[in-house]
>>> print(open('start_28.txt').read())   # compact mmCIF, C-alpha atoms
# COMPACT_ATOMS: atom_id res chain seq x y z
CA MET N 1001 0.00 0.00 0.00
CA ALA N 1002 2.89 2.38 0.74
CA GLN N 1003 4.31 1.69 -2.74
CA ASN N 1004 0.93 2.55 -4.30
CA ASN N 1005 0.86 5.87 -2.40
CA GLN N 1006 4.44 6.60 -3.50
CA ASP N 1007 3.55 5.80 -7.12
CA GLU N 1008 0.54 8.13 -6.93
CA THR N 1009 2.67 10.93 -5.52
CA LEU N 1010 5.30 10.46 -8.23
CA SER N 1011 2.57 10.45 -10.88
CA LEU N 1012 1.08 13.70 -9.50
CA LEU N 1013 4.50 15.34 -9.37
CA THR N 1014 5.23 14.29 -12.94
CA ARG N 1015 1.89 15.67 -14.16
CA LEU N 1016 2.42 18.92 -12.25
CA SER N 1017 5.91 19.39 -13.72
CA GLN N 1018 4.49 18.96 -17.26
CA LYS N 1019 1.85 21.70 -16.93
CA PRO N 1020 2.40 24.75 -19.17
CA GLY N 1021 4.50 27.39 -17.46
CA VAL N 1022 5.80 25.15 -14.68
CA GLN N 1023 9.56 25.52 -14.63
CA SER N 1024 10.41 23.37 -11.63
CA THR N 1025 9.06 21.35 -8.76
CA LEU N 1026 10.78 20.33 -5.56
CA ILE N 1027 9.80 18.12 -2.68
CA LEU N 1028 11.75 18.91 0.47
CA SER N 1029 11.96 17.17 3.81
CA ARG N 1030 9.96 19.06 6.44
CA GLU N 1031 12.48 17.95 9.04
CA ASN N 1032 15.58 19.64 7.63
CA GLY N 1033 14.83 21.01 4.13
CA THR N 1034 16.84 18.43 2.18
CA ILE N 1035 15.76 17.69 -1.38
CA ILE N 1036 13.78 14.47 -1.78
CA ARG N 1037 12.75 14.92 -5.42
CA THR N 1038 13.17 17.63 -8.00
CA SER N 1039 12.22 18.28 -11.59
CA GLY N 1040 13.10 21.12 -13.91
CA LEU N 1041 15.80 22.87 -11.90
CA ILE N 1042 19.40 21.98 -12.44
CA SER N 1043 21.18 20.40 -9.55
CA LYS N 1044 24.85 20.35 -8.72
CA SER N 1045 25.17 17.14 -10.65
CA SER N 1046 26.52 16.97 -14.18
CA SER N 1047 24.59 13.73 -14.68
CA ALA N 1048 21.25 15.15 -13.55
CA ASN N 1049 18.51 15.49 -16.11
CA PRO N 1050 16.69 18.83 -15.58
CA ASN N 1051 13.40 17.11 -16.43
CA SER N 1052 13.94 14.17 -14.09
CA THR N 1053 11.89 13.55 -10.99
CA LEU N 1054 14.70 11.49 -9.49
CA PRO N 1055 17.06 12.84 -6.83
CA ALA N 1056 20.37 14.12 -8.17
CA SER N 1057 23.78 12.71 -7.39
CA GLY N 1058 26.56 14.78 -5.87
CA GLU N 1059 29.02 15.84 -8.61
CA ASP N 1060 29.48 19.56 -9.20
CA ALA N 1061 28.34 21.28 -12.40
CA PRO N 1062 28.55 24.94 -13.42
CA ASP N 1063 25.88 27.20 -11.95
CA ASN N 1064 23.34 29.05 -14.12
CA TYR N 1065 23.11 26.39 -16.83
CA THR N 1066 20.05 24.43 -17.79
CA SER N 1067 19.71 22.29 -20.91
CA GLY N 1068 23.09 23.61 -22.05
CA ARG N 1069 21.94 27.26 -22.06
CA LYS N 1070 23.14 29.93 -19.67
CA GLU N 1071 20.18 31.75 -18.19
CA SER N 1072 20.35 34.60 -15.73
CA GLY N 1073 18.41 34.13 -12.53
CA ILE N 1074 18.55 30.32 -12.60
CA HIS N 1075 19.77 28.80 -9.35
CA SER N 1076 20.60 25.24 -8.47
CA ALA N 1077 17.94 23.14 -6.78
CA GLU N 1078 20.07 23.14 -3.64
CA ASP N 1079 20.13 26.97 -3.55
CA VAL N 1080 16.37 27.22 -4.08
CA ALA N 1081 15.71 24.59 -1.40
CA SER N 1082 17.85 26.54 1.07
CA MET N 1083 16.08 29.83 0.28
CA VAL N 1084 12.63 28.23 0.52
CA TRP N 1085 13.57 26.60 3.84
CA SER N 1086 14.62 30.00 5.26
CA PHE N 1087 11.52 31.73 3.87
CA LEU N 1088 9.20 29.09 5.33
CA GLY N 1089 10.94 29.38 8.71
CA ALA N 1090 10.49 33.15 8.72
CA ALA N 1091 6.83 32.84 7.69
CA GLY N 1092 6.27 30.26 10.44
CA THR N 1093 7.80 32.60 13.03
CA LEU N 1094 5.53 35.43 11.85
CA VAL N 1095 2.42 33.24 12.10
CA ASP N 1096 3.45 31.99 15.57
CA GLU N 1097 3.89 35.55 16.80
CA LEU N 1098 0.48 36.54 15.43
CA ASP N 1099 -1.36 33.49 16.79
CA LYS N 1100 0.25 30.47 18.50
CA ASP N 1101 -2.70 28.26 17.49
CA ASP N 1102 -2.35 28.98 13.77
CA GLU N 1103 -0.02 27.51 11.13
CA VAL N 1104 1.20 28.18 7.59
CA LYS N 1105 -0.82 26.25 4.99
CA LEU N 1106 0.23 27.86 1.69
CA LEU N 1107 2.71 30.52 0.62
CA ARG N 1108 2.66 32.24 -2.77
CA LEU N 1109 5.54 34.48 -3.71
CA ARG N 1110 5.11 36.33 -6.98
CA THR N 1111 7.85 38.26 -8.73
CA LYS N 1112 7.96 39.87 -12.17
CA LYS N 1113 9.35 36.67 -13.69
CA ASN N 1114 8.15 33.77 -11.52
CA GLU N 1115 5.72 32.62 -8.92
CA LEU N 1116 6.64 30.16 -6.18
CA VAL N 1117 3.86 28.16 -4.59
CA ILE N 1118 5.01 26.55 -1.33
CA VAL N 1119 2.79 23.98 0.37
CA PRO N 1120 4.05 22.76 3.75
CA ASP N 1121 2.80 19.34 4.82
CA PRO N 1122 3.60 17.60 8.13
CA LYS N 1123 6.28 15.46 6.41
CA PHE N 1124 7.16 17.34 3.21
CA ILE N 1125 7.31 20.75 1.58
CA LEU N 1126 6.12 20.98 -2.03
CA VAL N 1127 7.50 23.85 -4.09
CA ALA N 1128 6.26 24.66 -7.59
CA ILE N 1129 7.97 27.40 -9.59
CA HIS N 1130 6.17 28.66 -12.66
CA ASP N 1131 6.15 31.57 -15.06
CA THR N 1132 4.23 34.64 -13.99
CA PRO N 1133 1.42 35.11 -16.50
CA PRO N 1134 1.20 38.56 -18.11
CA ALA N 1135 -1.12 40.94 -16.26
>>> encode(input="start_28.txt", output="structure tokens")
Amino acid sequence: MAQNNQDETLSLLTRLSQKPGVQSTLILSRENGTIIRTSGLISKSSSANPNSTLPASGEDAPDNYTSGRKESGIHSAEDVASMVWSFLGAAGTLVDELDKDDEVKLLRLRTKKNELVIVPDPKFILVAIHDTPPA
């Protein structure tokens, strides 16, 4: 039954990463912010496929490259995970100070170029990064 649930989650992540405008998805550990799965973002692995939903290995690759193209503003999955972890911690502190009985359920951060949707779960943190549609 656990395998079926894992297969469903992987299927949902794969479908989400294939939606128009979705650049990247990450699943982070709620415990310490480590990357469990990623798709779309480059990792610090030269063997990592940017479209893979499998975890990356540990060899270093040049920053700011995806699919062989240099793009400004692109960060490694590890960098994004670290920034999201810090942002979620700060948001959690804010919510705790406002009301100890409340908790963060969804964060949306919109910039001129991208929107990050962060969904904290008791075990995981889902992050979806997609293009910001024109206004």
>>> closest_residue(input="start_28.txt", among="N:Lys1100, N:Ile1129, N:Leu1010, N:Lys1113", to="N:Gly1040", atoms="all atoms listed in the file")
N:Ile1129
>>> closest_residue(input="start_28.txt", among="N:Thr1132, N:Pro1020, N:Leu1012, N:Ile1036", to="N:Ala1077", atoms="all atoms listed in the file")
N:Ile1036
>>> residues_around(input="start_28.txt", residues="N:Thr1025", least_positions_apart="4", cutoff="7 Å", atoms="all atoms listed in the file", output="PyMOL selection string")
chain N and resi 1017+1038-1040+1127-1129
>>> closest_residue(input="start_28.txt", among="N:Trp1085, N:Asp1099, N:Thr1093, N:Ile1118", to="N:Glu1031", atoms="all atoms listed in the file")
N:Trp1085
>>> residues_around(input="start_28.txt", residues="N:Ser1082", least_positions_apart="5", cutoff="12 Å", atoms="only C-alpha atoms", output="list in words")
Leu1026, Leu1028, Ser1029, Asn1032, Gly1033, Thr1034, Ile1035, His1075, Ser1076, Ala1077, Phe1087, Leu1088, Gly1089 and Val1127 of chain N
>>> write_last_selection(input="start_28.txt", atoms="C-alpha atoms", output="compact mmCIF listing (two decimals), in the coordinates of the input")
# COMPACT_ATOMS: atom_id res chain seq x y z
CA LEU N 1026 10.78 20.33 -5.56
CA LEU N 1028 11.75 18.91 0.47
CA SER N 1029 11.96 17.17 3.81
CA ASN N 1032 15.58 19.64 7.63
CA GLY N 1033 14.83 21.01 4.13
CA THR N 1034 16.84 18.43 2.18
CA ILE N 1035 15.76 17.69 -1.38
CA HIS N 1075 19.77 28.80 -9.35
CA SER N 1076 20.60 25.24 -8.47
CA ALA N 1077 17.94 23.14 -6.78
CA PHE N 1087 11.52 31.73 3.87
CA LEU N 1088 9.20 29.09 5.33
CA GLY N 1089 10.94 29.38 8.71
CA VAL N 1127 7.50 23.85 -4.09
>>> closest_residue(input="start_28.txt", among="N:Arg1037, N:His1130, N:Lys1105, N:Arg1030", to="N:Leu1013", atoms="only C-alpha atoms")
N:Arg1037
>>> closest_residue(input="start_28.txt", among="N:Asp1102, N:Asp1096, N:Asp1121, N:Asp1131", to="N:Lys1019", atoms="only C-alpha atoms")
N:Asp1131
>>> atom_distance(input="start_28.txt", atom1="atom CA of N:Asp1079", atom2="atom CA of N:Asn1114")
15.9 Å
>>> atom_distance(input="start_28.txt", atom1="atom CA of N:Arg1110", atom2="atom CA of N:Lys1123")
24.8 Å
>>> atom_distance(input="start_28.txt", atom1="atom CA of N:Val1084", atom2="atom CA of N:Leu1098")
21.0 Å
